[in-house]
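work38.txt (compact mmCIF, C-alpha atoms) appears below.
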```
# COMPACT_ATOMS: atom_id res chain seq x y z
CA ALA E 1 12.02 15.95 3.52
CA ARG E 2 15.34 15.89 1.63
CA GLN E 3 17.26 16.55 4.87
CA ASN E 4 15.50 13.55 6.40
CA GLY E 5 16.73 11.33 3.56
CA MET E 6 13.75 11.30 1.22
CA SER E 7 14.71 10.57 -2.39
CA ILE E 8 14.39 13.25 -5.05
CA ASP E 9 12.02 10.99 -7.00
CA MET E 10 9.72 10.74 -3.99
CA VAL E 11 9.73 14.52 -3.58
CA TYR E 12 9.05 15.00 -7.31
CA PHE E 13 6.54 12.26 -8.00
CA GLY E 14 5.14 11.93 -4.50
CA TYR E 15 4.82 15.38 -3.00
CA LEU E 16 5.09 17.76 -5.97
CA ALA E 17 2.98 15.66 -8.35
CA ALA E 18 0.30 15.19 -5.69
CA SER E 19 0.35 18.92 -4.96
CA ALA E 20 -0.04 19.72 -8.66
CA ARG E 21 -2.96 17.27 -8.98
CA ARG E 22 -4.64 18.75 -5.91
CA LEU E 23 -4.10 22.27 -7.21
CA GLY E 24 -5.62 21.25 -10.56
CA GLU E 25 -8.64 19.76 -8.81
CA ARG E 26 -9.10 22.93 -6.77
CA TRP E 27 -8.89 24.94 -10.01
CA ASP E 28 -11.46 22.69 -11.72
CA GLU E 29 -13.78 23.06 -8.73
CA ASP E 30 -13.28 26.86 -8.81
CA ARG E 31 -11.85 26.83 -5.29
CA THR E 32 -8.65 28.71 -6.11
CA THR E 33 -7.92 32.04 -7.75
CA SER E 34 -5.59 32.76 -10.64
CA ALA E 35 -3.23 34.50 -8.24
CA GLN E 36 -3.15 31.50 -5.89
CA MET E 37 -2.56 29.19 -8.86
CA THR E 38 0.32 31.35 -10.11
CA ILE E 39 1.94 31.54 -6.67
CA ALA E 40 1.60 27.78 -6.10
CA ALA E 41 3.00 26.88 -9.54
CA GLY E 42 5.87 29.33 -9.04
CA ARG E 43 6.66 27.73 -5.68
CA MET E 44 6.69 24.23 -7.22
CA TYR E 45 9.06 25.35 -9.97
CA ALA E 46 11.29 26.99 -7.34
CA ILE E 47 11.43 23.73 -5.36
CA MET E 48 12.32 21.84 -8.53
CA ARG E 49 15.10 24.32 -9.35
CA GLY E 50 16.46 23.90 -5.83
CA LEU E 51 16.42 20.12 -6.12
CA ARG E 52 18.40 20.22 -9.38
CA GLN E 53 21.40 21.29 -7.30
CA ALA E 54 21.16 18.02 -5.36
CA PHE E 55 21.59 15.79 -8.38
CA ALA E 56 23.62 17.92 -10.80
CA SER E 57 26.97 16.74 -9.43
CA ASP E 58 25.98 13.06 -9.72
CA GLN E 59 24.74 13.38 -13.27
CA TYR E 60 26.64 11.84 -16.12
CA LEU E 61 25.66 11.98 -19.76
CA LYS E 62 25.13 8.90 -21.86
CA ALA E 63 25.79 8.69 -25.58
CA ASP E 64 23.67 10.57 -28.13
CA HIS E 65 21.44 7.55 -28.70
CA VAL E 66 19.80 8.35 -25.36
CA ARG E 67 19.08 11.91 -26.32
CA ALA E 68 15.51 13.11 -26.51
CA LEU E 69 13.40 16.16 -27.11
CA PHE E 70 10.69 16.64 -24.48
CA ALA E 71 8.07 19.26 -25.28
CA SER E 72 4.63 20.47 -24.36
CA ALA E 73 2.15 20.32 -27.23
CA PRO E 74 1.56 23.64 -29.00
CA GLY E 75 -0.99 25.62 -27.00
CA GLU E 76 -0.44 23.55 -23.84
CA THR E 77 -0.20 25.63 -20.68
CA HIS E 78 0.44 22.82 -18.18
CA THR E 79 4.19 22.26 -18.22
CA LEU E 80 5.05 21.10 -14.70
CA GLY E 81 4.78 17.39 -15.57
CA VAL E 82 7.01 17.52 -18.65
CA THR E 83 9.56 19.57 -16.69
CA MET E 84 9.56 16.97 -13.91
CA ALA E 85 9.94 14.19 -16.48
CA ALA E 86 12.90 15.97 -18.09
CA ASP E 87 14.63 16.20 -14.70
CA PHE E 88 13.83 12.53 -14.00
CA PHE E 89 15.49 11.45 -17.26
CA ARG E 90 18.47 13.78 -16.83
CA ARG E 91 19.19 12.22 -13.43
CA ARG E 92 19.43 8.90 -15.25
CA GLY E 93 21.99 10.22 -17.73
CA TRP E 94 19.72 11.11 -20.62
CA GLN E 95 20.43 14.21 -22.68
CA ILE E 96 17.06 15.96 -22.63
CA ASP E 97 16.28 19.13 -24.53
CA LEU E 98 13.13 20.61 -22.97
CA ARG E 99 10.90 22.93 -24.99
CA THR E 100 7.70 24.37 -23.54
CA GLY E 101 5.39 27.15 -24.65
CA LEU E 102 6.39 26.98 -28.32
CA THR E 103 4.09 27.37 -31.30
CA HIS E 104 3.69 24.50 -33.76
CA HIS E 105 6.15 26.11 -36.18
CA ASP E 106 8.75 26.94 -33.49
CA LEU E 107 8.57 23.42 -32.06
CA LEU E 108 9.12 21.91 -35.51
CA SER E 109 12.09 24.22 -36.04
CA ALA E 110 13.58 23.10 -32.72
CA ALA E 111 13.03 19.43 -33.62
CA GLU E 112 14.76 19.88 -36.98
CA GLN E 113 17.97 21.10 -35.36
CA VAL E 114 18.96 17.68 -33.99
CA PRO E 115 18.17 14.18 -35.28
CA TYR E 116 16.43 13.17 -32.05
CA PRO E 117 15.97 9.41 -31.72
CA VAL E 118 13.11 10.03 -29.25
CA ILE E 119 10.57 12.86 -29.02
CA GLY E 120 8.21 13.05 -26.05
CA ILE E 121 5.19 15.36 -26.22
CA SER E 122 3.09 16.23 -23.19
CA ALA E 123 -0.57 17.25 -23.30
CA SER E 124 -3.22 17.61 -20.64
CA SER E 125 -6.70 17.64 -22.11
CA ASP E 126 -8.93 16.49 -24.95
CA ARG E 127 -8.70 19.95 -26.54
CA MET E 128 -5.07 19.08 -27.32
CA VAL E 129 -5.92 16.09 -29.59
CA PHE E 130 -5.91 18.07 -32.83
CA PRO E 131 -2.74 20.11 -32.11
CA LEU E 132 -1.05 16.90 -30.99
CA ALA E 133 -2.10 14.93 -34.08
CA ARG E 134 -1.01 17.78 -36.35
CA LEU E 135 2.36 17.92 -34.59
CA VAL E 136 2.94 14.16 -34.83
CA VAL E 137 2.22 14.22 -38.58
CA ALA E 138 4.65 17.11 -39.07
CA LEU E 139 7.31 15.39 -36.94
CA ARG E 140 6.95 12.22 -39.04
CA ILE E 141 7.93 14.34 -42.06
CA THR E 142 10.74 16.38 -40.46
CA ASN E 143 12.13 13.65 -38.15
CA PRO E 144 11.18 10.35 -39.84
CA ALA E 145 13.53 8.24 -37.71
CA ALA E 146 12.24 9.60 -34.38
CA TRP E 147 10.23 7.41 -32.01
CA ILE E 148 7.38 9.62 -30.75
CA MET E 149 5.75 9.26 -27.34
CA VAL E 150 2.72 11.05 -25.90
CA SER E 151 2.41 11.64 -22.17
CA GLY E 152 0.51 13.68 -19.63
CA LYS E 153 -3.04 13.83 -18.35
CA ILE E 154 -4.34 13.31 -21.90
CA ILE E 155 -3.55 9.60 -21.47
CA ASP E 156 -6.31 9.37 -18.83
CA VAL E 157 -8.72 11.76 -20.55
CA VAL E 158 -8.46 10.25 -24.06
CA PRO E 159 -7.77 6.51 -23.63
CA ASP E 160 -7.29 5.89 -27.38
CA ILE E 161 -4.89 8.83 -27.84
CA LEU E 162 -2.14 6.55 -29.19
CA THR E 163 -4.33 5.55 -32.14
CA LEU E 164 -5.84 9.00 -32.63
CA VAL E 165 -2.50 10.77 -33.06
CA ASP E 166 -0.48 7.84 -34.46
CA ALA E 167 2.27 8.04 -31.85
CA ASP E 168 4.66 5.15 -31.16
CA GLY E 169 4.10 5.10 -27.41
CA ALA E 170 1.94 6.56 -24.65
CA ALA E 171 2.99 6.82 -21.03
CA PRO E 172 0.98 8.01 -18.03
CA ASP E 173 4.12 8.57 -15.90
CA ALA E 174 7.91 8.92 -16.09
CA GLU E 175 8.67 5.34 -15.02
CA SER E 176 6.56 3.79 -17.77
CA ALA E 177 7.98 6.31 -20.27
CA LEU E 178 11.49 5.25 -19.28
CA THR E 179 10.64 1.57 -19.70
CA GLN E 180 9.12 2.11 -23.15
CA MET E 181 11.96 4.36 -24.29
CA LEU E 182 14.59 1.85 -23.14
CA ASP E 183 12.68 -0.96 -24.87
CA HIS E 184 12.85 1.11 -28.05
CA ILE E 185 16.49 2.17 -27.76
CA GLU E 186 18.12 -1.02 -26.47
CA PRO E 187 17.13 -3.18 -29.48
CA ALA E 188 18.57 -0.45 -31.73
CA GLN E 189 21.81 -0.61 -29.75
CA ASP E 190 21.90 -4.39 -30.15
CA ARG E 191 21.39 -4.08 -33.91
CA GLY E 192 24.25 -1.56 -34.04
CA ARG E 193 26.57 -3.93 -32.17
CA MET E 194 25.64 -6.81 -34.46
CA ALA E 195 26.39 -4.69 -37.51
CA ASN E 196 29.93 -3.92 -36.27
```
Step by step, read the file and then write its structure as structure tokens.
Amino acid sequence: ARQNGMSIDMVYFGYLAASARRLGERWDEDRTTSAQMTIAAGRMYAIMRGLRQAFASDQYLKADHVRALFASAPGETHTLGVTMAADFFRRRGWQIDLRTGLTHHDLLSAAEQVPYPVIGISASSDRMVFPLARLVVALRITNPAAWIMVSGKIIDVVPDILTLVDADGAAPDAESALTQMLDHIEPAQDRGRMAN
């Protein structure tokens, strides 16, 4: 598809995202084995790694104010979406630190290392509401200036997730996350210019 001129975004959010959804449905319907799931997920990650070569040379980094921490919620095992989102933002010049598979404590430690202006947390199911709410409360204490966004399948599964976990934003996909994050960051840039 790439050789025929298809954009990386279409491969990521068209083909790979659709494949991941279909694989998840097959898993939910008990029509795939653990081994098949592992092989398929490994193949998707391999494709993503291969595609990173295609955009790495075109990437440029923006200033620190467009730096973000993207992470999966503690206990979350579905990390393909947050990894795809991190790549999506990196291609647009964002400095993204991606953390997946960390415990609550380890994720807080990682978040304390840098004064991130934006923290994005991905979760996939209603069983993640409590770990997500606990994490947001802790991040409010350790990173009080951070703007915190929730994303992932949990947006569809728990429609009032924004209120339940007291996040600043909720995005069902990378495009809407980008719009919300820019809406948050650009007014802060304007205030900084006015102050100078």
Fewer than 3 positions away in the same chain doesn't count, so skip those; otherwise give me all residues within 7 Å of stretch 136-145 of chain E, counting only C-alpha atoms, as an mmCIF file with C-alpha atoms, in the frame of the given file.
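And here's part_31.cif as it stands now:
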```
data_model
loop_
_atom_site.group_PDB
_atom_site.id
_atom_site.type_symbol
_atom_site.label_atom_id
_atom_site.label_comp_id
_atom_site.auth_asym_id
_atom_site.auth_seq_id
_atom_site.Cartn_x
_atom_site.Cartn_y
_atom_site.Cartn_z
ATOM 1 C CA LEU E 108 9.120 21.910 -35.510
ATOM 2 C CA GLU E 112 14.760 19.880 -36.980
ATOM 3 C CA PRO E 115 18.170 14.180 -35.280
ATOM 4 C CA PRO E 117 15.970 9.410 -31.720
ATOM 5 C CA LEU E 132 -1.050 16.900 -30.990
ATOM 6 C CA ALA E 133 -2.100 14.930 -34.080
ATOM 7 C CA VAL E 165 -2.500 10.770 -33.060
ATOM 8 C CA ALA E 167 2.270 8.040 -31.850
#
```
Determine, counting all atoms listed in the file, which protein, DNA and RNA residues have an atom within 7 Å of an atom of E:His78; residues of the same chain fewer than 2 positions away are not included. Present the result as a JSON list (two decimals) with C-alpha atoms, in the frame of the given file.
```json
[["chain", "number", "residue", "atom", "x", "y", "z"],
["E", 76, "GLU", "CA", -0.44, 23.55, -23.84],
["E", 80, "LEU", "CA", 5.05, 21.10, -14.70],
["E", 124, "SER", "CA", -3.22, 17.61, -20.64]]
```
Using all atoms of stretch 40-52 of chain E listed in the file and a margin of 4 Å per side, can you give the axis-aligned box centre and edge lengths in Å to one decimal, as AutoDock Vina command-line options?
```
--center_x 10.0 --center_y 24.7 --center_z -7.7 --size_x 24.8 --size_y 17.2 --size_z 12.6
```
Per residue of stretch 67-158 of chain E within 12 Å of stretch 168-183 of chain E, what are the shortest atom pair and its distance in Å to one decimal, counting only C-alpha atoms, with rows by chain and residue number, as a tab-separated table?
```
residue	atom	partner	partner_atom	distance
E:Arg67	CA	E:Met181	CA	10.6
E:Ala68	CA	E:Met181	CA	9.7
E:Phe70	CA	E:Ala177	CA	11.5
E:Gly81	CA	E:Asp173	CA	8.9
E:Val82	CA	E:Ala174	CA	9.0
E:Thr83	CA	E:Ala174	CA	10.8
E:Met84	CA	E:Ala174	CA	8.5
E:Ala85	CA	E:Ala174	CA	5.7
E:Ala86	CA	E:Ala174	CA	8.9
E:Asp87	CA	E:Ala174	CA	10.0
E:Phe88	CA	E:Ala174	CA	7.2
E:Phe89	CA	E:Leu178	CA	7.6
E:Arg90	CA	E:Leu178	CA	11.3
E:Arg91	CA	E:Leu178	CA	11.9
E:Arg92	CA	E:Leu178	CA	9.6
E:Gly93	CA	E:Leu178	CA	11.7
E:Trp94	CA	E:Leu178	CA	10.2
E:Pro117	CA	E:Met181	CA	9.8
E:Val118	CA	E:Met181	CA	7.6
E:Ile119	CA	E:Met181	CA	9.8
E:Gly120	CA	E:Ala177	CA	8.9
E:Ile121	CA	E:Ala170	CA	9.5
E:Ser122	CA	E:Ala171	CA	9.7
E:Ala123	CA	E:Pro172	CA	10.7
E:Ser124	CA	E:Pro172	CA	10.8
E:Val136	CA	E:Asp168	CA	9.9
E:Val137	CA	E:Asp168	CA	12.0
E:Arg140	CA	E:Asp168	CA	10.8
E:Ala145	CA	E:Asp168	CA	11.5
E:Ala146	CA	E:Asp168	CA	9.4
E:Trp147	CA	E:Asp168	CA	6.1
E:Ile148	CA	E:Asp168	CA	5.2
E:Met149	CA	E:Gly169	CA	4.5
E:Val150	CA	E:Ala170	CA	4.7
E:Ser151	CA	E:Ala171	CA	5.0
E:Gly152	CA	E:Pro172	CA	5.9
E:Lys153	CA	E:Pro172	CA	7.1
E:Ile154	CA	E:Pro172	CA	8.4
E:Ile155	CA	E:Pro172	CA	5.9
E:Asp156	CA	E:Pro172	CA	7.5
E:Val157	CA	E:Pro172	CA	10.7
E:Val158	CA	E:Ala170	CA	11.1
```
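In this structure, atom CA of E:Met44 sits 6.8 Å away from atom CA of E:Leu16.
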(message) Using Å and a single decimal, report how far atom CA of E:Leu69 sits from atom CA of E:Leu98.
(response) 6.1 Å
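Across the model, the gap from atom CA of E:Tyr45 to atom CA of E:Gly14 is 15.0 Å.
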(request) Skip E:Asp106 itself and residues of its chain fewer than 2 positions away, then list as a ChimeraX atom specification all residues within 12 Å of it, counting all atoms listed in the file. (result) /E:71-75,99-104,108-113,135
Create the file for the chosen residues now, containing C-alpha atoms and written as a PDB file, in the frame of the given file.
```
ATOM      1  CA  ALA E  71       8.070  19.260 -25.280  1.00  0.00           C
ATOM      2  CA  SER E  72       4.630  20.470 -24.360  1.00  0.00           C
ATOM      3  CA  ALA E  73       2.150  20.320 -27.230  1.00  0.00           C
ATOM      4  CA  PRO E  74       1.560  23.640 -29.000  1.00  0.00           C
ATOM      5  CA  GLY E  75      -0.990  25.620 -27.000  1.00  0.00           C
ATOM      6  CA  ARG E  99      10.900  22.930 -24.990  1.00  0.00           C
ATOM      7  CA  THR E 100       7.700  24.370 -23.540  1.00  0.00           C
ATOM      8  CA  GLY E 101       5.390  27.150 -24.650  1.00  0.00           C
ATOM      9  CA  LEU E 102       6.390  26.980 -28.320  1.00  0.00           C
ATOM     10  CA  THR E 103       4.090  27.370 -31.300  1.00  0.00           C
ATOM     11  CA  HIS E 104       3.690  24.500 -33.760  1.00  0.00           C
ATOM     12  CA  LEU E 108       9.120  21.910 -35.510  1.00  0.00           C
ATOM     13  CA  SER E 109      12.090  24.220 -36.040  1.00  0.00           C
ATOM     14  CA  ALA E 110      13.580  23.100 -32.720  1.00  0.00           C
ATOM     15  CA  ALA E 111      13.030  19.430 -33.620  1.00  0.00           C
ATOM     16  CA  GLU E 112      14.760  19.880 -36.980  1.00  0.00           C
ATOM     17  CA  GLN E 113      17.970  21.100 -35.360  1.00  0.00           C
ATOM     18  CA  LEU E 135       2.360  17.920 -34.590  1.00  0.00           C
TER      19      LEU E 135
END
```
(request) Please provide as a ChimeraX atom specification all residues within 12 Å of E:Ser19, with the sequence filter that same-chain residues fewer than 4 positions apart are discarded (counting only C-alpha atoms). (result) /E:11-15,23-26,37,40-41,43-45,80-81
(message) My list of candidates is E:Ile96, E:Ala20, E:Leu162, E:Thr38. Which is closest to E:Val66 when distances are computed with all atoms listed in the file?
(response)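 That would be E:Ile96, the residue with the smallest distance to E:Val66.
The closest residue to E:Val129, picked from E:Pro159, E:Gly5, E:Gly42, E:Gly50 and counting all atoms listed in the file, is E:Pro159.
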